[in-house]
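Pasting data.pdb here (PDB, C-alpha atoms and all ligand atoms):
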ATOM      1  CA  MET A   2     117.140 110.989 113.251  1.00  0.00           C
ATOM      2  CA  ASN A   3     119.924 108.516 114.152  1.00  0.00           C
ATOM      3  CA  GLU A   4     119.496 105.312 112.124  1.00  0.00           C
ATOM      4  CA  THR A   5     120.323 103.067 115.079  1.00  0.00           C
ATOM      5  CA  VAL A   6     117.488 104.369 117.276  1.00  0.00           C
ATOM      6  CA  TYR A   7     114.760 101.825 118.059  1.00  0.00           C
ATOM      7  CA  LYS A   8     111.780 102.299 120.342  1.00  0.00           C
ATOM      8  CA  TYR A   9     109.276  99.975 121.985  1.00  0.00           C
ATOM      9  CA  VAL A  10     105.636  99.902 120.914  1.00  0.00           C
ATOM     10  CA  ARG A  11     104.680 100.544 124.552  1.00  0.00           C
ATOM     11  CA  ASP A  12     106.682 103.804 124.563  1.00  0.00           C
ATOM     12  CA  SER A  13     104.089 105.507 122.377  1.00  0.00           C
ATOM     13  CA  GLU A  14     100.863 103.619 123.156  1.00  0.00           C
ATOM     14  CA  THR A  15      98.157 106.206 123.712  1.00  0.00           C
ATOM     15  CA  VAL A  16      94.614 106.111 125.078  1.00  0.00           C
ATOM     16  CA  ILE A  17      92.202 109.018 124.889  1.00  0.00           C
ATOM     17  CA  THR A  18      88.799 108.850 126.576  1.00  0.00           C
ATOM     18  CA  GLU A  19      86.235 111.508 125.762  1.00  0.00           C
ATOM     19  CA  LEU A  20      82.702 112.131 127.012  1.00  0.00           C
ATOM     20  CA  MET A  21      80.217 112.455 124.143  1.00  0.00           C
ATOM     21  CA  ILE A  22      78.527 115.794 124.784  1.00  0.00           C
ATOM     22  CA  PRO A  23      75.273 116.972 123.102  1.00  0.00           C
ATOM     23  CA  SER A  24      77.087 119.343 120.703  1.00  0.00           C
ATOM     24  CA  TYR A  25      78.745 116.293 119.080  1.00  0.00           C
ATOM     25  CA  ALA A  26      75.372 114.875 118.025  1.00  0.00           C
ATOM     26  CA  ASN A  27      73.637 114.926 114.653  1.00  0.00           C
ATOM     27  CA  PHE A  28      69.919 115.546 114.107  1.00  0.00           C
ATOM     28  CA  GLY A  29      69.204 111.885 114.807  1.00  0.00           C
ATOM     29  CA  GLY A  30      70.683 112.265 118.287  1.00  0.00           C
ATOM     30  CA  LYS A  31      73.725 110.086 117.548  1.00  0.00           C
ATOM     31  CA  ILE A  32      77.348 111.201 117.493  1.00  0.00           C
ATOM     32  CA  HIS A  33      78.657 112.613 114.189  1.00  0.00           C
ATOM     33  CA  GLY A  34      81.025 110.310 112.307  1.00  0.00           C
ATOM     34  CA  GLY A  35      83.217 113.376 111.773  1.00  0.00           C
ATOM     35  CA  THR A  36      83.609 113.873 115.523  1.00  0.00           C
ATOM     36  CA  LEU A  37      84.892 110.319 115.882  1.00  0.00           C
ATOM     37  CA  LEU A  38      87.207 110.778 112.872  1.00  0.00           C
ATOM     38  CA  SER A  39      88.641 113.912 114.423  1.00  0.00           C
ATOM     39  CA  LEU A  40      89.316 112.095 117.704  1.00  0.00           C
ATOM     40  CA  MET A  41      90.945 109.232 115.782  1.00  0.00           C
ATOM     41  CA  ASP A  42      93.190 111.687 113.950  1.00  0.00           C
ATOM     42  CA  LYS A  43      94.107 113.269 117.269  1.00  0.00           C
ATOM     43  CA  VAL A  44      95.071 109.993 118.965  1.00  0.00           C
ATOM     44  CA  ALA A  45      97.014 108.881 115.845  1.00  0.00           C
ATOM     45  CA  TYR A  46      98.871 112.176 115.884  1.00  0.00           C
ATOM     46  CA  VAL A  47      99.780 111.859 119.570  1.00  0.00           C
ATOM     47  CA  CYS A  48     100.938 108.263 119.168  1.00  0.00           C
ATOM     48  CA  GLY A  49     102.916 108.973 115.973  1.00  0.00           C
ATOM     49  CA  SER A  50     104.569 112.104 117.348  1.00  0.00           C
ATOM     50  CA  LYS A  51     105.592 110.281 120.525  1.00  0.00           C
ATOM     51  CA  HIS A  52     107.292 107.582 118.461  1.00  0.00           C
ATOM     52  CA  ALA A  53     108.835 109.942 115.899  1.00  0.00           C
ATOM     53  CA  GLY A  54     109.859 112.705 118.270  1.00  0.00           C
ATOM     54  CA  GLU A  55     108.691 115.023 115.477  1.00  0.00           C
ATOM     55  CA  TYR A  56     105.460 116.550 114.247  1.00  0.00           C
ATOM     56  CA  CYS A  57     103.483 114.348 111.878  1.00  0.00           C
ATOM     57  CA  VAL A  58     100.937 114.676 109.086  1.00  0.00           C
ATOM     58  CA  THR A  59      98.162 112.244 108.220  1.00  0.00           C
ATOM     59  CA  ALA A  60      98.939 110.608 104.870  1.00  0.00           C
ATOM     60  CA  SER A  61      96.061 108.125 104.633  1.00  0.00           C
ATOM     61  CA  ILE A  62      93.402 106.177 106.488  1.00  0.00           C
ATOM     62  CA  ASP A  63      92.584 102.514 105.867  1.00  0.00           C
ATOM     63  CA  THR A  64      89.524 102.219 106.321  1.00  0.00           C
ATOM     64  CA  VAL A  65      86.723 103.516 108.533  1.00  0.00           C
ATOM     65  CA  ASP A  66      83.571 101.436 108.968  1.00  0.00           C
ATOM     66  CA  PHE A  67      81.272 102.576 111.742  1.00  0.00           C
ATOM     67  CA  LEU A  68      79.920  99.328 113.181  1.00  0.00           C
ATOM     68  CA  HIS A  69      77.582 100.796 115.839  1.00  0.00           C
ATOM     69  CA  PRO A  70      76.116 104.225 116.541  1.00  0.00           C
ATOM     70  CA  VAL A  71      77.479 106.130 119.538  1.00  0.00           C
ATOM     71  CA  ASP A  72      75.095 107.905 121.932  1.00  0.00           C
ATOM     72  CA  VAL A  73      75.337 111.241 123.719  1.00  0.00           C
ATOM     73  CA  GLY A  74      76.606 110.533 127.259  1.00  0.00           C
ATOM     74  CA  ASP A  75      78.768 107.571 126.191  1.00  0.00           C
ATOM     75  CA  LEU A  76      82.458 107.458 126.993  1.00  0.00           C
ATOM     76  CA  VAL A  77      84.450 106.885 123.821  1.00  0.00           C
ATOM     77  CA  SER A  78      87.932 105.417 124.250  1.00  0.00           C
ATOM     78  CA  LEU A  79      90.505 105.375 121.462  1.00  0.00           C
ATOM     79  CA  MET A  80      93.496 103.088 121.902  1.00  0.00           C
ATOM     80  CA  ALA A  81      96.388 103.719 119.534  1.00  0.00           C
ATOM     81  CA  SER A  82      99.655 101.910 119.000  1.00  0.00           C
ATOM     82  CA  ILE A  83     102.330 101.833 116.325  1.00  0.00           C
ATOM     83  CA  ASN A  84     101.842  98.750 114.156  1.00  0.00           C
ATOM     84  CA  TYR A  85     104.517  99.388 111.527  1.00  0.00           C
ATOM     85  CA  VAL A  86     107.287 101.802 110.648  1.00  0.00           C
ATOM     86  CA  GLY A  87     108.843 102.509 107.257  1.00  0.00           C
ATOM     87  CA  LYS A  88     111.391 105.285 106.761  1.00  0.00           C
ATOM     88  CA  SER A  89     109.327 108.372 107.537  1.00  0.00           C
ATOM     89  CA  SER A  90     105.916 106.703 107.753  1.00  0.00           C
ATOM     90  CA  MET A  91     104.201 104.891 110.608  1.00  0.00           C
ATOM     91  CA  VAL A  92     101.007 102.839 110.580  1.00  0.00           C
ATOM     92  CA  ILE A  93      99.015 103.412 113.722  1.00  0.00           C
ATOM     93  CA  GLY A  94      96.292 100.959 114.645  1.00  0.00           C
ATOM     94  CA  ILE A  95      93.356 102.509 116.466  1.00  0.00           C
ATOM     95  CA  ARG A  96      90.652 100.608 118.309  1.00  0.00           C
ATOM     96  CA  VAL A  97      87.590 102.621 119.245  1.00  0.00           C
ATOM     97  CA  THR A  98      85.083 101.558 121.889  1.00  0.00           C
ATOM     98  CA  SER A  99      82.101 103.292 123.425  1.00  0.00           C
ATOM     99  CA  GLN A 100      80.873 102.653 126.924  1.00  0.00           C
ATOM    100  CA  ASN A 101      77.494 103.362 128.455  1.00  0.00           C
ATOM    101  CA  VAL A 102      78.310 104.934 131.819  1.00  0.00           C
ATOM    102  CA  LYS A 103      75.281 103.482 133.621  1.00  0.00           C
ATOM    103  CA  THR A 104      75.268  99.916 132.294  1.00  0.00           C
ATOM    104  CA  GLN A 105      79.067  99.779 131.808  1.00  0.00           C
ATOM    105  CA  GLN A 106      78.355  97.954 128.539  1.00  0.00           C
ATOM    106  CA  GLU A 107      81.264  98.437 126.141  1.00  0.00           C
ATOM    107  CA  ILE A 108      80.892  98.224 122.358  1.00  0.00           C
ATOM    108  CA  HIS A 109      83.634  98.010 119.759  1.00  0.00           C
ATOM    109  CA  THR A 110      82.690 100.691 117.248  1.00  0.00           C
ATOM    110  CA  ASN A 111      85.617 100.447 114.827  1.00  0.00           C
ATOM    111  CA  THR A 112      89.244  99.633 114.143  1.00  0.00           C
ATOM    112  CA  SER A 113      91.227 101.706 111.648  1.00  0.00           C
ATOM    113  CA  TYR A 114      94.769 102.200 110.480  1.00  0.00           C
ATOM    114  CA  PHE A 115      96.181 105.693 110.075  1.00  0.00           C
ATOM    115  CA  THR A 116      99.414 106.293 108.169  1.00  0.00           C
ATOM    116  CA  MET A 117     101.249 109.245 109.687  1.00  0.00           C
ATOM    117  CA  VAL A 118     104.401 110.738 108.187  1.00  0.00           C
ATOM    118  CA  ALA A 119     107.029 112.531 110.295  1.00  0.00           C
ATOM    119  CA  LYS A 120     108.333 115.898 109.176  1.00  0.00           C
ATOM    120  CA  ASP A 121     111.099 118.067 110.567  1.00  0.00           C
ATOM    121  CA  GLU A 122     111.047 121.787 111.292  1.00  0.00           C
ATOM    122  CA  ASN A 123     111.788 122.522 107.617  1.00  0.00           C
ATOM    123  CA  ASN A 124     108.772 120.472 106.531  1.00  0.00           C
ATOM    124  CA  LYS A 125     111.083 117.765 105.149  1.00  0.00           C
ATOM    125  CA  LEU A 126     110.434 114.044 105.653  1.00  0.00           C
ATOM    126  CA  SER A 127     112.113 112.831 108.810  1.00  0.00           C
ATOM    127  CA  GLN A 128     113.287 109.271 109.480  1.00  0.00           C
ATOM    128  CA  VAL A 129     111.448 107.681 112.392  1.00  0.00           C
ATOM    129  CA  PRO A 130     112.971 105.265 114.930  1.00  0.00           C
ATOM    130  CA  GLY A 131     112.703 101.542 114.232  1.00  0.00           C
ATOM    131  CA  LEU A 132     110.276  99.431 116.227  1.00  0.00           C
ATOM    132  CA  ILE A 133     111.132  96.791 118.847  1.00  0.00           C
ATOM    133  CA  LEU A 134     108.515  94.018 118.750  1.00  0.00           C
ATOM    134  CA  GLU A 135     108.153  92.316 122.110  1.00  0.00           C
ATOM    135  CA  THR A 136     105.030  90.189 121.722  1.00  0.00           C
ATOM    136  CA  PRO A 137     103.605  87.818 119.067  1.00  0.00           C
ATOM    137  CA  GLN A 138     100.725  90.295 118.674  1.00  0.00           C
ATOM    138  CA  GLU A 139     103.154  93.110 117.824  1.00  0.00           C
ATOM    139  CA  VAL A 140     104.919  90.856 115.298  1.00  0.00           C
ATOM    140  CA  ARG A 141     101.549  89.912 113.757  1.00  0.00           C
ATOM    141  CA  ARG A 142     100.432  93.539 113.513  1.00  0.00           C
ATOM    142  CA  PHE A 143     103.691  94.578 111.824  1.00  0.00           C
ATOM    143  CA  ALA A 144     103.363  91.716 109.304  1.00  0.00           C
ATOM    144  CA  GLU A 145      99.677  92.495 108.647  1.00  0.00           C
ATOM    145  CA  ALA A 146     100.579  96.137 107.933  1.00  0.00           C
ATOM    146  CA  ILE A 147     103.107  94.974 105.316  1.00  0.00           C
ATOM    147  CA  ILE A 148     100.442  92.791 103.676  1.00  0.00           C
ATOM    148  CA  ARG A 149      97.880  95.656 103.705  1.00  0.00           C
ATOM    149  CA  LYS A 150     100.500  97.927 102.101  1.00  0.00           C
ATOM    150  CA  GLN A 151     101.097  95.387  99.330  1.00  0.00           C
ATOM    151  CA  LEU A 152      97.353  94.904  98.788  1.00  0.00           C
ATOM    152  CA  LYS A 153      96.817  98.665  98.656  1.00  0.00           C
ATOM    153  CA  HIS A 154      99.526  98.984  96.038  1.00  0.00           C
ATOM    154  CA  SER A 155      97.883  96.289  93.845  1.00  0.00           C
ATOM    155  CA  PHE A 156      94.462  97.872  94.376  1.00  0.00           C
ATOM    156  CA  LYS A 157      95.757 101.281  93.237  1.00  0.00           C
ATOM    157  CA  GLN A 158      97.238  99.694  90.096  1.00  0.00           C
ATOM    158  CA  GLU A 159      93.886  98.016  89.335  1.00  0.00           C
ATOM    159  CA  ILE A 160      91.962 101.266  89.831  1.00  0.00           C
ATOM    160  CA  LEU A 161      94.309 103.049  87.412  1.00  0.00           C
ATOM    161  CA  LYS A 162      93.734 100.273  84.884  1.00  0.00           C
ATOM    162  CA  VAL A 163      89.937 100.617  85.283  1.00  0.00           C
ATOM    163  CA  LYS A 164      90.171 104.375  84.672  1.00  0.00           C
ATOM    164  CA  ASN A 165      92.047 103.795  81.445  1.00  0.00           C
ATOM    165  CA  GLU A 166      89.876 100.909  80.260  1.00  0.00           C
ATOM    166  CA  VAL A 167      86.302 102.127  80.805  1.00  0.00           C
ATOM    167  CA  ASP A 168      85.127 103.858  77.651  1.00  0.00           C
ATOM    168  CA  ILE A 169      81.582 105.211  77.196  1.00  0.00           C
ATOM    169  CA  GLN A 170      80.182 101.944  75.744  1.00  0.00           C
ATOM    170  CA  LYS A 171      81.612  99.891  78.615  1.00  0.00           C
ATOM    171  CA  ALA A 172      80.203 102.441  81.079  1.00  0.00           C
ATOM    172  CA  LEU A 173      76.716 102.269  79.496  1.00  0.00           C
ATOM    173  CA  ASP A 174      76.805  98.443  79.617  1.00  0.00           C
ATOM    174  CA  LEU A 175      77.634  98.558  83.329  1.00  0.00           C
ATOM    175  CA  LEU A 176      74.686 100.864  84.053  1.00  0.00           C
ATOM    176  CA  VAL A 177      72.021  98.588  82.564  1.00  0.00           C
ATOM    177  CA  ASN A 178      70.557  97.322  85.861  1.00  0.00           C
ATOM    178  CA  GLU A 179      71.463 100.324  88.004  1.00  0.00           C
ATOM    179  CA  ARG A 180      69.076 102.920  89.457  1.00  0.00           C
ATOM    180  CA  CYS A 181      70.029 105.708  87.102  1.00  0.00           C
ATOM    181  CA  ARG A 182      68.601 107.170  83.899  1.00  0.00           C
ATOM    182  CA  VAL A 183      71.019 108.240  81.195  1.00  0.00           C
ATOM    183  CA  GLU A 184      70.010 111.461  79.430  1.00  0.00           C
ATOM    184  CA  LEU A 185      73.059 112.159  77.289  1.00  0.00           C
ATOM    185  CA  LYS A 186      72.919 115.489  75.407  1.00  0.00           C
TER     186      LYS A 186
HETATM  187  C1  LIG B 201     101.970 112.439 102.911  1.00  0.00           C
HETATM  188  C2  LIG B 201     103.129 113.255 102.362  1.00  0.00           C
HETATM  189  C3  LIG B 201     104.025 113.696 103.522  1.00  0.00           C
HETATM  190  C4  LIG B 201     103.942 112.381 101.410  1.00  0.00           C
HETATM  191  O1  LIG B 201     105.004 113.151 100.981  1.00  0.00           O
HETATM  192  P1  LIG B 201     105.792 112.868  99.604  1.00  0.00           P
HETATM  193  O2  LIG B 201     106.679 114.020  99.361  1.00  0.00           O
HETATM  194  O3  LIG B 201     104.840 112.428  98.568  1.00  0.00           O
HETATM  195  O4  LIG B 201     106.763 111.733 100.050  1.00  0.00           O
HETATM  196  P2  LIG B 201     106.955 110.227  99.608  1.00  0.00           P
HETATM  197  O5  LIG B 201     106.201 109.811  98.407  1.00  0.00           O
HETATM  198  O6  LIG B 201     108.443 110.047  99.604  1.00  0.00           O
HETATM  199  O7  LIG B 201     106.332 109.456 100.854  1.00  0.00           O
HETATM  200  C5  LIG B 201     106.867 109.592 102.148  1.00  0.00           C
HETATM  201  C6  LIG B 201     106.375 108.469 102.987  1.00  0.00           C
HETATM  202  O8  LIG B 201     104.954 108.564 103.105  1.00  0.00           O
HETATM  203  C7  LIG B 201     104.361 107.368 102.640  1.00  0.00           C
HETATM  204  N1  LIG B 201     103.124 107.745 101.973  1.00  0.00           N
HETATM  205  C8  LIG B 201     102.937 108.746 101.095  1.00  0.00           C
HETATM  206  N2  LIG B 201     101.679 108.780 100.678  1.00  0.00           N
HETATM  207  C9  LIG B 201     101.036 107.771 101.318  1.00  0.00           C
HETATM  208  C10 LIG B 201      99.710 107.282 101.310  1.00  0.00           C
HETATM  209  N3  LIG B 201      98.751 107.841 100.554  1.00  0.00           N
HETATM  210  N4  LIG B 201      99.421 106.237 102.081  1.00  0.00           N
HETATM  211  C11 LIG B 201     100.347 105.664 102.856  1.00  0.00           C
HETATM  212  N5  LIG B 201     101.626 106.078 102.916  1.00  0.00           N
HETATM  213  C12 LIG B 201     101.964 107.116 102.142  1.00  0.00           C
HETATM  214  C13 LIG B 201     105.345 106.752 101.682  1.00  0.00           C
HETATM  215  O9  LIG B 201     105.171 105.357 101.573  1.00  0.00           O
HETATM  216  C14 LIG B 201     106.650 107.084 102.380  1.00  0.00           C
HETATM  217  O10 LIG B 201     106.871 106.188 103.431  1.00  0.00           O
HETATM  218  P3  LIG B 201     108.350 105.791 103.943  1.00  0.00           P
HETATM  219  O11 LIG B 201     109.114 107.077 104.146  1.00  0.00           O
HETATM  220  O12 LIG B 201     108.120 105.116 105.242  1.00  0.00           O
HETATM  221  O13 LIG B 201     108.944 104.917 102.907  1.00  0.00           O
HETATM  222  C15 LIG B 201     102.645 114.535 101.572  1.00  0.00           C
HETATM  223  O14 LIG B 201     101.878 114.098 100.467  1.00  0.00           O
HETATM  224  C16 LIG B 201     101.840 115.485 102.404  1.00  0.00           C
HETATM  225  O15 LIG B 201     102.395 116.300 103.142  1.00  0.00           O
HETATM  226  N6  LIG B 201     100.489 115.397 102.297  1.00  0.00           N
HETATM  227  C17 LIG B 201      99.601 116.265 103.044  1.00  0.00           C
HETATM  228  C18 LIG B 201      99.424 115.737 104.457  1.00  0.00           C
HETATM  229  C19 LIG B 201      98.397 116.532 105.219  1.00  0.00           C
HETATM  230  O16 LIG B 201      98.357 117.735 105.123  1.00  0.00           O
HETATM  231  N7  LIG B 201      97.580 115.828 105.980  1.00  0.00           N
HETATM  232  C20 LIG B 201      96.468 116.407 106.641  1.00  0.00           C
HETATM  233  C21 LIG B 201      95.277 116.268 105.768  1.00  0.00           C
HETATM  234  S1  LIG B 201      94.102 117.491 105.996  1.00  0.00           S
END

What do you get writing this file as structure tokens?
Ligand SMILES: CC(C)(COP(=O)(O)OP(=O)(O)OC[C@H]1O[C@@H](n2cnc3c(N)ncnc32)[C@H](O)[C@@H]1OP(=O)(O)O)[C@@H](O)C(=O)NCCC(=O)NCCS
Amino acid sequence: MNETVYKYVRDSETVITELMIPSYANFGGKIHGGTLLSLMDKVAYVCGSKHAGEYCVTASIDTVDFLHPVDVGDLVSLMASINYVGKSSMVIGIRVTSQNVKTQQEIHTNTSYFTMVAKDENNKLSQVPGLILETPQEVRRFAEAIIRKQLKHSFKQEILKVKNEVDIQKALDLLVNERCRVELK
């Protein structure tokens, strides 16, 4: 990819709307979380590939909290846009809403950030175009993605430290008021 290529956020903005059919439901009659995750992956892929001009893979997801259940018959809309680009990676912000067709009531069900990485036909990392930020919101989203990336890096370091520091005695101390029974053999 030519290093001087830049693209607008609006060039790759993507919206997918899908009707929630009965086969997407769990035994409680609500839509499976996995169905929504799959749709989010799909819209992230479309958005990322449009920006990159290459196929992409999903590297990570930060984070998915389902705020409201989604019903069979609802229309789920997923709005995706590029928030940040690195060299081969792109952070794609996805806002998911569900709408009751009859009442027209729309509910925000979640917002997540997918990191997609562009690869070429030889499965090698491929540099993606830079991003042209036209609005204060686009500038804010880019900056927030940088901050999340830094926080994630610190979090990973802390988790590694925890893994190395928790010995059996420390673990047993932590379990004192938890709902588990230790039966060490
Ligand atoms: C994600 C993947 C491409 C990273 O490849 P890699 O050889 O480790 O490459 P690097 O460490 O150089 O990372 C490449 C880019 O991905 C980013 N990246 C890698 N792992 C990441 C993660 N867990 N979260 C966010 N970004 C990540 C790096 O920051 C880097 O970004 P940059 O090019 O913009 O600087 C590789 O691990 C992979 O192909 N994973 C499987 C993806 C897949 O199959 N997804 C579907 C899941 S079922």

Counting all atoms listed in the file, which protein, DNA or RNA residues come within 9 Å of ligand LIG 201 (chain B), given as a PyMOL selection string? chain A and resi 57-63+86-92+115-120+124-129+150+153

Could you save the residues just selected, with C-alpha atoms, as a CSV table (one decimal), in the coordinates of the input?
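result.csv, freshly written:
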chain,number,residue,atom,x,y,z
A,57,CYS,CA,103.5,114.3,111.9
A,58,VAL,CA,100.9,114.7,109.1
A,59,THR,CA,98.2,112.2,108.2
A,60,ALA,CA,98.9,110.6,104.9
A,61,SER,CA,96.1,108.1,104.6
A,62,ILE,CA,93.4,106.2,106.5
A,63,ASP,CA,92.6,102.5,105.9
A,86,VAL,CA,107.3,101.8,110.6
A,87,GLY,CA,108.8,102.5,107.3
A,88,LYS,CA,111.4,105.3,106.8
A,89,SER,CA,109.3,108.4,107.5
A,90,SER,CA,105.9,106.7,107.8
A,91,MET,CA,104.2,104.9,110.6
A,92,VAL,CA,101.0,102.8,110.6
A,115,PHE,CA,96.2,105.7,110.1
A,116,THR,CA,99.4,106.3,108.2
A,117,MET,CA,101.2,109.2,109.7
A,118,VAL,CA,104.4,110.7,108.2
A,119,ALA,CA,107.0,112.5,110.3
A,120,LYS,CA,108.3,115.9,109.2
A,124,ASN,CA,108.8,120.5,106.5
A,125,LYS,CA,111.1,117.8,105.1
A,126,LEU,CA,110.4,114.0,105.7
A,127,SER,CA,112.1,112.8,108.8
A,128,GLN,CA,113.3,109.3,109.5
A,129,VAL,CA,111.4,107.7,112.4
A,150,LYS,CA,100.5,97.9,102.1
A,153,LYS,CA,96.8,98.7,98.7

Extract, using all atoms listed in the file, all DNA, RNA and protein residues at most 8 Å from region 108-114 of chain A, discarding same-chain residues fewer than 6 positions from it, and format them as a VMD selection string. chain A and resid 62 to 71 92 to 100

Answer key for the PyMOL selection byres (((chain A and resi 137-149) around 8) and not hetatm), residues as a PyMOL selection string: chain A and resi 10+84-85+92+134-136+150-153

Could those selected residues go to a file with C-alpha atoms, as a CSV table (one decimal), in the frame of the given file?
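Contents of part_12.csv, freshly written:
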chain,number,residue,atom,x,y,z
A,10,VAL,CA,105.6,99.9,120.9
A,84,ASN,CA,101.8,98.8,114.2
A,85,TYR,CA,104.5,99.4,111.5
A,92,VAL,CA,101.0,102.8,110.6
A,134,LEU,CA,108.5,94.0,118.8
A,135,GLU,CA,108.2,92.3,122.1
A,136,THR,CA,105.0,90.2,121.7
A,150,LYS,CA,100.5,97.9,102.1
A,151,GLN,CA,101.1,95.4,99.3
A,152,LEU,CA,97.4,94.9,98.8
A,153,LYS,CA,96.8,98.7,98.7

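CA of Ser82 (chain A) is positioned 12.6 Å from CA of Ile133 (chain A).
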
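Residue nearest Gly29 (chain A) within the list A:Gln106, A:Asp72, A:Glu179, A:His154: A:Asp72 [criterion: smallest interatomic distance, all atoms listed in the file].
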